[in-house]
$ cat upload_7.csv   # CSV, C-alpha atoms and all ligand atoms
chain,number,residue,atom,x,y,z
A,1,MET,CA,-64.9,-11.2,-23.8
A,2,THR,CA,-62.2,-11.5,-21.2
A,3,SER,CA,-61.4,-8.2,-19.7
A,4,LEU,CA,-57.8,-7.3,-20.0
A,5,PRO,CA,-56.3,-5.1,-17.3
A,6,LEU,CA,-56.1,-1.6,-18.7
A,7,PRO,CA,-52.8,0.3,-18.4
A,8,THR,CA,-52.7,2.7,-15.5
A,9,ASP,CA,-49.7,4.5,-16.9
A,10,ARG,CA,-49.9,6.0,-20.3
A,11,PRO,CA,-46.7,7.7,-21.5
A,12,ARG,CA,-48.3,8.0,-24.9
A,13,ARG,CA,-50.6,10.7,-23.6
A,14,LEU,CA,-47.8,13.3,-24.0
A,15,ARG,CA,-46.9,12.1,-27.5
A,16,GLY,CA,-50.3,12.7,-29.2
A,17,SER,CA,-49.6,16.1,-30.9
A,18,GLY,CA,-46.8,18.2,-32.1
A,19,PRO,CA,-47.4,21.0,-29.6
A,20,LEU,CA,-47.5,18.5,-26.7
A,21,ARG,CA,-44.3,16.9,-27.9
A,22,ARG,CA,-42.7,20.3,-28.2
A,23,LEU,CA,-43.9,21.3,-24.7
A,24,VAL,CA,-42.4,18.2,-23.0
A,25,ALA,CA,-39.2,17.9,-25.0
A,26,GLU,CA,-36.3,17.4,-22.5
A,27,HIS,CA,-33.7,18.7,-24.9
A,28,ARG,CA,-33.6,21.3,-27.6
A,29,LEU,CA,-31.1,22.5,-30.2
A,30,ALA,CA,-30.2,26.2,-30.3
A,31,ALA,CA,-28.4,28.0,-33.0
A,32,ALA,CA,-26.3,29.8,-30.5
A,33,ASP,CA,-24.8,26.5,-29.3
A,34,LEU,CA,-23.5,25.6,-32.7
A,35,ILE,CA,-19.9,26.1,-34.0
A,36,LEU,CA,-19.3,26.1,-37.8
A,37,PRO,CA,-15.9,24.6,-38.8
A,38,VAL,CA,-14.5,26.2,-42.0
A,39,PHE,CA,-11.5,25.7,-44.2
A,40,LEU,CA,-9.4,28.5,-45.8
A,41,ALA,CA,-7.0,27.5,-48.5
A,42,GLU,CA,-4.0,29.7,-49.3
A,43,GLU,CA,-4.0,28.7,-53.0
A,44,ALA,CA,-7.7,28.7,-53.7
A,45,THR,CA,-8.8,31.3,-56.3
A,46,GLU,CA,-12.3,30.2,-56.0
A,47,PRO,CA,-14.1,28.0,-53.4
A,48,ARG,CA,-13.1,24.4,-53.9
A,49,PRO,CA,-15.6,21.6,-53.2
A,50,ILE,CA,-14.3,18.8,-51.0
A,51,ALA,CA,-15.5,15.6,-52.7
A,52,SER,CA,-15.9,13.5,-49.6
A,53,MET,CA,-17.6,16.3,-47.7
A,54,PRO,CA,-20.6,17.3,-49.9
A,55,GLY,CA,-21.6,21.0,-49.3
A,56,VAL,CA,-18.3,21.9,-47.6
A,57,VAL,CA,-15.6,23.8,-49.5
A,58,GLN,CA,-12.0,25.1,-49.1
A,59,HIS,CA,-12.7,28.8,-49.0
A,60,THR,CA,-11.0,31.8,-50.5
A,61,GLU,CA,-10.8,34.9,-48.3
A,62,ASP,CA,-13.8,36.4,-50.0
A,63,SER,CA,-16.0,33.3,-49.8
A,64,LEU,CA,-15.0,32.8,-46.1
A,65,ARG,CA,-16.2,36.3,-45.4
A,66,ALA,CA,-19.5,35.5,-47.0
A,67,ALA,CA,-19.9,32.2,-45.1
A,68,ALA,CA,-19.0,33.9,-41.8
A,69,GLN,CA,-21.7,36.6,-42.5
A,70,GLU,CA,-24.2,33.9,-43.3
A,71,ALA,CA,-23.5,32.0,-40.1
A,72,ALA,CA,-23.7,35.2,-38.1
A,73,ALA,CA,-27.0,36.1,-39.7
A,74,ALA,CA,-28.4,32.7,-39.0
A,75,GLY,CA,-27.5,33.0,-35.3
A,76,VAL,CA,-24.7,30.4,-35.1
A,77,GLY,CA,-22.6,30.7,-32.0
A,78,GLY,CA,-19.1,30.3,-33.2
A,79,ILE,CA,-16.8,29.7,-36.2
A,80,MET,CA,-13.7,27.5,-36.1
A,81,LEU,CA,-11.0,28.0,-38.7
A,82,PHE,CA,-8.7,25.5,-40.3
A,83,GLY,CA,-5.9,26.8,-42.6
A,84,VAL,CA,-4.7,25.0,-45.6
A,85,PRO,CA,-1.2,26.4,-46.3
A,86,ALA,CA,0.5,26.3,-49.7
A,87,THR,CA,3.8,25.0,-48.3
A,88,LYS,CA,4.4,22.6,-45.4
A,89,ASP,CA,7.7,21.7,-43.7
A,90,ALA,CA,8.9,19.5,-40.8
A,91,VAL,CA,8.2,22.0,-38.0
A,92,GLY,CA,5.0,23.5,-39.5
A,93,SER,CA,6.6,27.0,-39.9
A,94,ALA,CA,3.4,28.5,-41.4
A,95,ALA,CA,1.6,27.9,-38.1
A,96,THR,CA,3.6,30.5,-36.3
A,97,ASP,CA,3.9,33.0,-39.2
A,98,PRO,CA,1.6,35.9,-38.5
A,99,ALA,CA,1.2,36.2,-42.2
A,100,GLY,CA,0.5,32.4,-42.6
A,101,ILE,CA,-2.9,31.5,-44.0
A,102,ALA,CA,-4.5,30.3,-40.7
A,103,ASN,CA,-3.4,33.4,-38.8
A,104,ARG,CA,-4.6,35.7,-41.6
A,105,GLY,CA,-7.9,33.9,-41.6
A,106,LEU,CA,-8.3,34.4,-37.9
A,107,ALA,CA,-7.7,38.1,-38.3
A,108,LEU,CA,-10.1,38.3,-41.2
A,109,LEU,CA,-12.8,36.6,-39.1
A,110,ARG,CA,-12.2,38.7,-36.1
A,111,GLU,CA,-12.6,41.8,-38.3
A,112,GLU,CA,-15.6,40.5,-40.2
A,113,VAL,CA,-17.8,38.8,-37.6
A,114,GLY,CA,-15.8,39.2,-34.3
A,115,GLU,CA,-18.6,41.1,-32.6
A,116,ASP,CA,-21.2,38.4,-33.4
A,117,LEU,CA,-19.5,35.1,-33.5
A,118,VAL,CA,-16.9,33.5,-31.3
A,119,VAL,CA,-13.8,33.1,-33.4
A,120,ILE,CA,-12.0,29.8,-32.6
A,121,SER,CA,-8.6,28.7,-33.8
A,122,ASP,CA,-7.3,25.2,-34.5
A,123,LEU,CA,-4.1,24.9,-32.4
A,124,CYS,CA,-2.4,21.9,-33.9
A,125,LEU,CA,0.5,21.3,-36.3
A,126,ASP,CA,-0.9,18.7,-38.7
A,127,GLU,CA,-2.2,21.1,-41.3
A,128,PHE,CA,1.3,22.7,-41.5
A,129,THR,CA,3.7,19.8,-41.3
A,130,ASP,CA,5.0,17.9,-44.4
A,131,HIS,CA,4.8,14.6,-42.5
A,132,GLY,CA,1.2,15.3,-41.5
A,133,HIS,CA,1.6,14.6,-37.8
A,134,CYS,CA,0.3,16.9,-35.0
A,135,GLY,CA,3.7,17.6,-33.6
A,136,LEU,CA,7.4,17.6,-34.1
A,137,LEU,CA,9.1,14.3,-34.9
A,138,ALA,CA,11.9,12.9,-32.8
A,139,ALA,CA,14.9,11.1,-34.5
A,140,ASP,CA,13.1,7.8,-34.2
A,141,GLY,CA,10.0,9.1,-36.1
A,142,THR,CA,7.7,9.3,-33.1
A,143,VAL,CA,6.0,12.5,-32.1
A,144,ASP,CA,8.1,14.3,-29.5
A,145,ASN,CA,5.5,15.5,-26.9
A,146,ASP,CA,7.6,18.1,-25.0
A,147,ALA,CA,9.3,19.6,-28.0
A,148,THR,CA,5.8,20.0,-29.5
A,149,LEU,CA,4.6,21.9,-26.4
A,150,GLU,CA,7.1,24.6,-27.2
A,151,ARG,CA,5.6,25.0,-30.7
A,152,TYR,CA,2.0,25.0,-29.3
A,153,ALA,CA,3.0,27.7,-26.8
A,154,GLU,CA,4.3,29.8,-29.7
A,155,MET,CA,1.1,29.1,-31.7
A,156,ALA,CA,-1.0,30.2,-28.8
A,157,LEU,CA,0.6,33.6,-28.8
A,158,VAL,CA,0.4,34.1,-32.5
A,159,GLN,CA,-3.3,33.0,-32.6
A,160,HIS,CA,-4.1,35.3,-29.8
A,161,GLU,CA,-2.4,38.2,-31.6
A,162,ALA,CA,-4.3,37.3,-34.7
A,163,GLY,CA,-7.5,37.8,-32.8
A,164,ALA,CA,-8.9,34.4,-31.9
A,165,HIS,CA,-11.3,34.6,-28.9
A,166,VAL,CA,-10.9,30.9,-28.1
A,167,LEU,CA,-7.9,28.6,-28.9
A,168,GLY,CA,-8.9,25.1,-30.0
A,169,LEU,CA,-6.2,22.7,-28.8
A,170,SER,CA,-6.6,19.6,-30.9
A,171,GLY,CA,-3.2,18.0,-30.9
A,172,MET,CA,-3.6,15.5,-27.9
A,173,MET,CA,-0.1,16.2,-26.5
A,174,ASP,CA,0.1,15.7,-22.7
A,175,GLY,CA,0.3,19.0,-20.9
A,176,GLN,CA,-0.8,21.1,-23.9
A,177,VAL,CA,-3.4,23.1,-21.9
A,178,ALA,CA,-1.0,24.1,-19.1
A,179,ALA,CA,1.7,25.0,-21.7
A,180,CYS,CA,-0.6,27.2,-23.7
A,181,ARG,CA,-2.3,28.8,-20.6
A,182,ALA,CA,1.1,29.7,-19.2
A,183,ALA,CA,2.2,31.2,-22.5
A,184,LEU,CA,-0.9,33.3,-22.8
A,185,ASP,CA,-0.9,34.4,-19.2
A,186,GLY,CA,2.8,35.3,-19.5
A,187,ALA,CA,2.0,37.6,-22.3
A,188,GLY,CA,-0.9,39.2,-20.5
A,189,ALA,CA,-3.5,37.4,-22.6
A,190,THR,CA,-5.5,36.3,-19.6
A,191,GLY,CA,-8.8,36.8,-21.4
A,192,THR,CA,-8.2,34.4,-24.3
A,193,ALA,CA,-10.0,31.1,-23.6
A,194,ILE,CA,-8.9,27.5,-24.2
A,195,LEU,CA,-11.2,24.9,-25.7
A,196,SER,CA,-9.4,21.6,-25.3
A,197,TYR,CA,-10.1,18.5,-27.5
A,198,SER,CA,-9.7,16.5,-24.3
A,199,ALA,CA,-11.1,13.1,-25.4
A,200,LYS,CA,-10.0,13.0,-29.0
A,201,TYR,CA,-10.0,9.5,-30.4
A,202,ALA,CA,-7.8,8.0,-33.2
A,203,SER,CA,-10.8,7.7,-35.5
A,204,ALA,CA,-11.5,6.5,-39.0
A,205,PHE,CA,-14.3,9.1,-39.1
A,206,TYR,CA,-11.7,11.8,-39.7
A,207,GLY,CA,-11.0,10.4,-43.2
A,208,PRO,CA,-12.7,13.1,-45.2
A,209,PHE,CA,-11.0,15.9,-43.2
A,210,ARG,CA,-7.7,14.7,-44.4
A,211,GLU,CA,-8.8,15.5,-47.9
A,212,ALA,CA,-10.1,18.9,-46.7
A,213,VAL,CA,-6.7,20.0,-45.4
A,214,ASP,CA,-4.7,18.2,-48.1
A,215,SER,CA,-3.1,16.1,-45.4
A,216,GLN,CA,0.2,14.3,-46.2
A,217,LEU,CA,-0.1,11.9,-43.3
A,218,ARG,CA,1.4,8.5,-43.7
A,219,GLY,CA,0.7,6.1,-40.9
A,220,ASP,CA,-1.8,7.0,-38.2
A,221,ARG,CA,-2.1,9.0,-34.9
A,222,ARG,CA,-2.7,6.1,-32.5
A,223,ALA,CA,0.4,6.9,-30.5
A,224,TYR,CA,-1.2,10.2,-29.3
A,225,GLN,CA,-4.9,10.2,-30.0
A,226,MET,CA,-7.1,7.9,-27.8
A,227,ASP,CA,-7.9,4.3,-28.4
A,228,PRO,CA,-11.6,3.8,-29.3
A,229,ALA,CA,-11.7,0.9,-26.9
A,230,ASN,CA,-11.3,3.3,-23.9
A,231,ARG,CA,-14.1,5.0,-22.0
A,232,ALA,CA,-12.8,5.8,-18.5
A,233,GLU,CA,-9.7,7.4,-20.0
A,234,GLY,CA,-11.9,10.0,-21.7
A,235,THR,CA,-13.0,11.3,-18.3
A,236,ARG,CA,-9.4,11.2,-17.0
A,237,GLU,CA,-8.3,13.3,-20.0
A,238,ALA,CA,-11.0,15.8,-19.4
A,239,LEU,CA,-10.3,16.1,-15.7
A,240,LEU,CA,-6.6,16.7,-16.4
A,241,ASP,CA,-7.5,19.5,-18.8
A,242,VAL,CA,-9.8,21.1,-16.3
A,243,GLU,CA,-6.9,21.0,-13.7
A,244,GLN,CA,-4.6,22.6,-16.3
A,245,GLY,CA,-7.0,25.5,-16.9
A,246,ALA,CA,-9.2,24.5,-19.9
A,247,ASP,CA,-12.3,26.7,-20.2
A,248,ILE,CA,-14.2,24.2,-22.4
A,249,VAL,CA,-13.6,20.5,-22.9
A,250,MET,CA,-14.5,18.6,-26.1
A,251,VAL,CA,-15.2,15.0,-27.1
A,252,LYS,CA,-14.5,14.0,-30.6
A,253,PRO,CA,-16.0,12.3,-32.7
A,254,ALA,CA,-19.5,12.7,-31.4
A,255,LEU,CA,-22.1,10.0,-32.4
A,256,GLY,CA,-19.9,7.0,-31.8
A,257,TYR,CA,-18.7,8.4,-28.4
A,258,LEU,CA,-22.0,9.4,-26.7
A,259,ASP,CA,-21.1,7.3,-23.6
A,260,VAL,CA,-17.8,9.2,-23.2
A,261,LEU,CA,-19.7,12.5,-23.7
A,262,SER,CA,-22.2,11.6,-21.1
A,263,ASP,CA,-19.4,10.6,-18.6
A,264,VAL,CA,-17.5,13.8,-19.2
A,265,ALA,CA,-20.6,16.0,-18.8
A,266,ALA,CA,-21.3,14.4,-15.5
A,267,SER,CA,-17.7,14.8,-14.3
A,268,VAL,CA,-16.8,18.5,-15.1
A,269,ASP,CA,-18.4,21.8,-14.2
A,270,ILE,CA,-17.3,23.7,-17.3
A,271,PRO,CA,-19.0,23.7,-20.7
A,272,VAL,CA,-18.7,20.4,-22.7
A,273,ALA,CA,-18.5,20.4,-26.5
A,274,ALA,CA,-18.8,17.7,-29.0
A,275,TYR,CA,-17.4,17.6,-32.6
A,276,GLN,CA,-19.6,16.0,-35.2
A,277,VAL,CA,-16.7,15.1,-37.6
A,278,SER,CA,-16.2,14.9,-41.3
A,279,GLY,CA,-17.0,11.2,-41.5
A,280,GLU,CA,-20.3,11.7,-39.7
A,281,LEU,CA,-21.2,14.2,-42.3
A,282,ALA,CA,-20.1,12.1,-45.2
A,283,MET,CA,-22.1,9.1,-44.0
A,284,VAL,CA,-25.4,11.0,-43.8
A,285,GLU,CA,-24.8,12.9,-47.1
A,286,ALA,CA,-24.0,9.8,-49.0
A,287,ALA,CA,-27.0,7.9,-47.7
A,288,ALA,CA,-29.3,10.8,-48.2
A,289,ALA,CA,-28.0,11.3,-51.8
A,290,ASN,CA,-29.1,7.7,-52.4
A,291,GLY,CA,-32.5,8.3,-50.9
A,292,TRP,CA,-31.8,5.9,-48.1
A,293,LEU,CA,-32.1,8.4,-45.3
A,294,ASP,CA,-34.2,11.5,-44.8
A,295,ARG,CA,-31.4,14.0,-44.7
A,296,ARG,CA,-33.0,16.7,-42.5
A,297,ARG,CA,-34.5,14.3,-40.0
A,298,THR,CA,-31.3,12.4,-39.7
A,299,ILE,CA,-29.2,15.5,-39.1
A,300,THR,CA,-31.6,16.8,-36.5
A,301,GLU,CA,-31.8,13.5,-34.7
A,302,SER,CA,-28.1,13.0,-34.6
A,303,LEU,CA,-27.6,16.5,-33.2
A,304,THR,CA,-30.3,16.0,-30.7
A,305,SER,CA,-28.7,12.8,-29.6
A,306,ILE,CA,-25.4,14.6,-29.1
A,307,ARG,CA,-27.1,17.2,-27.0
A,308,ARG,CA,-29.1,14.6,-25.0
A,309,ALA,CA,-25.8,12.8,-24.1
A,310,GLY,CA,-24.5,16.0,-22.5
A,311,ALA,CA,-23.0,18.4,-25.0
A,312,SER,CA,-23.9,22.1,-24.4
A,313,ILE,CA,-21.9,23.1,-27.5
A,314,ILE,CA,-21.7,21.2,-30.9
A,315,ALA,CA,-19.3,21.7,-33.7
A,316,THR,CA,-21.0,20.7,-37.0
A,317,TYR,CA,-20.4,21.4,-40.7
A,318,TRP,CA,-24.2,21.8,-40.9
A,319,ALA,CA,-24.3,24.7,-38.4
A,320,THR,CA,-25.6,27.4,-40.6
A,321,GLU,CA,-28.2,25.2,-42.3
A,322,VAL,CA,-29.5,23.8,-39.0
A,323,ALA,CA,-29.6,27.3,-37.5
A,324,ARG,CA,-31.9,28.3,-40.4
A,325,TRP,CA,-34.1,25.3,-39.8
A,326,LEU,CA,-34.4,26.2,-36.1
A,327,ALA,CA,-35.5,29.7,-37.0
A,328,GLU,CA,-38.1,28.4,-39.4
A,329,GLY,CA,-39.4,26.1,-36.6
A,330,GLU,CA,-40.1,29.1,-34.5
A,331,HIS,CA,-42.8,30.4,-36.9
A,401,LIG,C1,-6.3,18.0,-36.1
A,401,LIG,C2,-7.8,17.8,-36.4
A,401,LIG,C3,-8.4,16.8,-37.1
A,401,LIG,C4,-9.8,17.1,-37.2
A,401,LIG,C5,-9.9,18.3,-36.5
A,401,LIG,N1,-8.7,18.7,-36.1
A,401,LIG,C6,-7.8,15.6,-37.8
A,401,LIG,C7,-7.1,14.6,-37.1
A,401,LIG,O1,-6.9,14.6,-35.9
A,401,LIG,O2,-6.7,13.7,-37.8
A,401,LIG,C8,-10.8,16.2,-37.8
A,401,LIG,C9,-12.1,16.9,-38.0
A,401,LIG,C10,-13.1,16.2,-38.8
A,401,LIG,O3,-12.8,15.0,-39.2
A,401,LIG,O4,-14.1,16.7,-39.2
A,401,LIG,N2,-5.9,19.3,-36.3
$ encode --input "upload_7.csv" --output "structure tokens"
Amino acid sequence: MTSLPLPTDRPRRLRGSGPLRRLVAEHRLAAADLILPVFLAEEATEPRPIASMPGVVQHTEDSLRAAAQEAAAAGVGGIMLFGVPATKDAVGSAATDPAGIANRGLALLREEVGEDLVVISDLCLDEFTDHGHCGLLAADGTVDNDATLERYAEMALVQHEAGAHVLGLSGMMDGQVAACRAALDGAGATGTAILSYSAKYASAFYGPFREAVDSQLRGDRRAYQMDPANRAEGTREALLDVEQGADIVMVKPALGYLDVLSDVAASVDIPVAAYQVSGELAMVEAAAANGWLDRRRTITESLTSIRRAGASIIATYWATEVARWLAEGEH
């Protein structure tokens, strides 16, 4: 028998048992780092399932209270609210109406779980406009960046008043962080934080979300959201937002953009979040429903990958369920 050279390095040594693997794991998920995105619909009289997002609903006020309590009990870190108003118009009036559905929802969440969960708004106009775009339209039909900033600044104040701890700026207008920060500071709201969707791509993976917010969008958002072909630009966007006073920067979607996430995490010294979006959920749920993927392992692996790439905070529709799994794992 010829004697083969034996390996001197044996990485397998640390993979031999569950406790060993757990001991040497470089990255871990934690419930406190998860944000649960939720939908509150003005016209819902009972929770309405969203067909393309299995397990996710448009809430009523009562079911939202219950979901928020469950998230808090499971140890989730934050809750992010999207409002679905009954009426939409060209300027998204409901967005700045203190009695509008999203602002009522923020107040409800602040009252219900405000001591336990970070209450995060969505600061964008698309849920409120009849044309479905994230800002005001100019005469030529394009989104008018600077006119939109005025609306965002108004929204910042109303959402602060409603009780949001953190404002989630998701519109991808240039200068939106500086505009909202100035508006908040001018009103003495220096303690209200800004989470900026800095590197938000014009993604097909938002498809199911459009159903979730009854979006009227015709066309697409490629004239303001980022081109999926661009990587360096993601870092540029994040650095601009840091300069303008963002407290947290976000990359969105998550799984297809781990390179961008990794770059951003290496470039900024503030917390970095990632948003596992509606299409990421839909793919896994559809495959799992067919028995083609192990649902729990796929969800855990995708979240772990997002964390490994550099996200310290992850927004995921599975937040409460995953938080429960993590608690089980501790016993
Ligand atoms: C815009 C917004 C969108 C999502 C979150 N905020 C939609 C878009 O930009 O088209 C998508 C979230 C998801 O797909 O889960 N307010």
$ closest_residue --input "upload_7.csv" --among "A:Gln244, A:Gln216, A:Ser3, A:Gln225" --to "A:Val177" --atoms "only C-alpha atoms"
A:Gln244
$ residues_around --input "upload_7.csv" --residues "A:Tyr201" --least-positions-apart "5" --cutoff "10 Å" --atoms "all atoms listed in the file" --output "PyMOL selection string"
chain A and resi 172+206+221-222+224-230+234+251-253+257
$ closest_residue --input "upload_7.csv" --among "A:Leu117, A:Val158, A:Leu281, A:Ile79" --to "ligand LIG 401 (chain A)" --atoms "only C-alpha atoms and all ligand atoms"
A:Leu281
$ residues_near_ligand --input "upload_7.csv" --ligand "ligand LIG 401 (chain A)" --cutoff "9 Å" --atoms "all atoms listed in the file" --output "PyMOL selection string"
chain A and resi 37+82+122-127+132-134+168-172+197+200-210+212-213+215+217+220-221+225+252-253+275-281+316-317
$ atom_distance --input "upload_7.csv" --atom1 "atom CA of A:Ala315" --atom2 "atom CA of A:Ala273"
7.4 Å
$ atom_distance --input "upload_7.csv" --atom1 "atom CA of A:Thr298" --atom2 "atom CA of A:Ser52"
18.3 Å
$ residues_around --input "upload_7.csv" --residues "stretch 31-35 of chain A" --least-positions-apart "2" --cutoff "8 Å" --atoms "all atoms listed in the file" --output "list in words"
Leu29, Pro37, Ala74, Gly75, Val76, Gly77, Gly78, Ile79, Met80, Ser312, Ile313, Ile314, Ala315, Thr316, Ala319, Val322, Ala323 and Leu326 of chain A
$ atom_distance --input "upload_7.csv" --atom1 "atom CA of A:Gly175" --atom2 "atom CA of A:Gly191"
20.0 Å
$ residues_around --input "upload_7.csv" --residues "A:Asp144" --least-positions-apart "5" --cutoff "10 Å" --atoms "all atoms listed in the file" --output "ChimeraX atom specification"
/A:134-139,149,173
$ closest_residue --input "upload_7.csv" --among "A:Thr192, A:Asn145, A:Thr129, A:Thr60" --to "A:Val91" --atoms "all atoms listed in the file"
A:Thr129
$ residues_around --input "upload_7.csv" --residues "A:Ala182" --least-positions-apart "3" --cutoff "12 Å" --atoms "only C-alpha atoms" --output "list in words"
Leu149, Glu150, Tyr152, Ala153, Glu154, Ala156, Leu157, Gly175, Gln176, Val177, Ala178, Ala179, Asp185, Gly186, Ala187, Gly188, Ala189, Thr190, Thr192, Ile194, Gln244, Gly245 and Ala246 of chain A
$ closest_residue --input "upload_7.csv" --among "A:Asp146, A:Glu70, A:Asp89, A:Glu111" --to "A:Glu321" --atoms "only C-alpha atoms"
A:Glu70
$ residues_around --input "upload_7.csv" --residues "A:Arg28" --least-positions-apart "3" --cutoff "9 Å" --atoms "all atoms listed in the file" --output "PyMOL selection string"
chain A and resi 25+304+307-308
$ closest_residue --input "upload_7.csv" --among "A:Leu261, A:Ala193, A:Glu43, A:Arg22" --to "A:Ala86" --atoms "only C-alpha atoms"
A:Glu43
$ closest_residue --input "upload_7.csv" --among "A:Ala90, A:Val118, A:Ala44, A:Ala232" --to "A:Ala71" --atoms "all atoms listed in the file"
A:Val118
